[in-house]
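Report on the structure given below.
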Amino acid sequence: MTEVARTELPRLLAGVQQDLADFLLLVAAWAEQHAPQSAQSLVSAVDRSLAITSPLRKLS
């Protein structure tokens, strides 16, 4: 088990969210190249499924 200090969690989650946003940019570039007519739909579906651009919720 890995322990993470509660104070570190927001920073770590923001980093993960940025990594996923970067991945979404790669998905968009790939989709534009391989399926341009469906690219935006694909990117939106991936974003919805992974909630990449959704705001992070504050810890209580």
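Each chain of the structure tokens is named A, B, ... in the order shown, its residues numbered from 1; ligands are numbered from 1 in display order.
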
Applying 8 Å and only C-alpha atoms, which residues near A:Ala39 remain after dropping the ones on its own chain fewer than 6 positions away? List them as a tab-separated table (two decimals) with all heavy atoms, in the first residue's frame.
chain	number	residue	atom	x	y	z
A	28	ALA	N	-6.92	13.47	-30.10
A	28	ALA	CA	-7.44	14.39	-31.11
A	28	ALA	C	-6.56	14.40	-32.36
A	28	ALA	O	-7.07	14.36	-33.49
A	28	ALA	CB	-7.56	15.80	-30.53
A	31	ALA	N	-7.04	11.09	-34.19
A	31	ALA	CA	-8.36	11.02	-34.81
A	31	ALA	C	-8.44	11.92	-36.04
A	31	ALA	O	-9.03	11.54	-37.05
A	31	ALA	CB	-9.44	11.39	-33.79
A	32	GLU	N	-7.85	13.10	-35.98
A	32	GLU	CA	-7.85	14.00	-37.14
A	32	GLU	C	-7.13	13.37	-38.32
A	32	GLU	O	-7.52	13.56	-39.47
A	32	GLU	CB	-7.19	15.34	-36.78
A	32	GLU	CG	-8.08	16.28	-36.02
A	32	GLU	CD	-9.30	16.75	-36.81
A	32	GLU	OE1	-9.23	16.83	-38.05
A	32	GLU	OE2	-10.32	17.02	-36.16

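Within 7 Å of stretch 46-60 of chain A, once only C-alpha atoms are used and residues closer than 2 positions along the same chain are dropped, the contacting residues are Gln17, Leu20, Ala21, Leu42, Val43 and Ser44 of chain A.
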
Go ahead and save the picked residues with N, CA and C atoms, as a CSV table (one decimal), in the first residue's frame.
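Writing the result to result21.csv gives the following:
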chain,number,residue,atom,x,y,z
A,17,GLN,N,-4.7,14.8,-13.9
A,17,GLN,CA,-5.6,15.5,-14.8
A,17,GLN,C,-4.9,16.1,-16.0
A,20,LEU,N,-3.8,13.4,-18.4
A,20,LEU,CA,-5.0,12.9,-19.2
A,20,LEU,C,-5.4,13.9,-20.2
A,21,ALA,N,-5.3,15.2,-19.9
A,21,ALA,CA,-5.6,16.3,-20.9
A,21,ALA,C,-4.6,16.2,-22.0
A,42,LEU,N,-15.2,11.4,-31.3
A,42,LEU,CA,-14.3,10.5,-30.6
A,42,LEU,C,-13.7,11.2,-29.4
A,43,VAL,N,-13.2,12.4,-29.6
A,43,VAL,CA,-12.5,13.1,-28.5
A,43,VAL,C,-13.5,13.4,-27.4
A,44,SER,N,-14.7,13.8,-27.7
A,44,SER,CA,-15.8,14.1,-26.8
A,44,SER,C,-16.1,12.8,-26.0

Requested in this report: Run DSSP on the backbone and give me the residues of chain A it puts in helix (DSSP H, G or I), as a PyMOL selection string.
Outcome: chain A and resi 9-34+36-50

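Atom CA of A:Leu12 to atom CA of A:Gln40 spans 28.4 Å [interatomic distance, one decimal].
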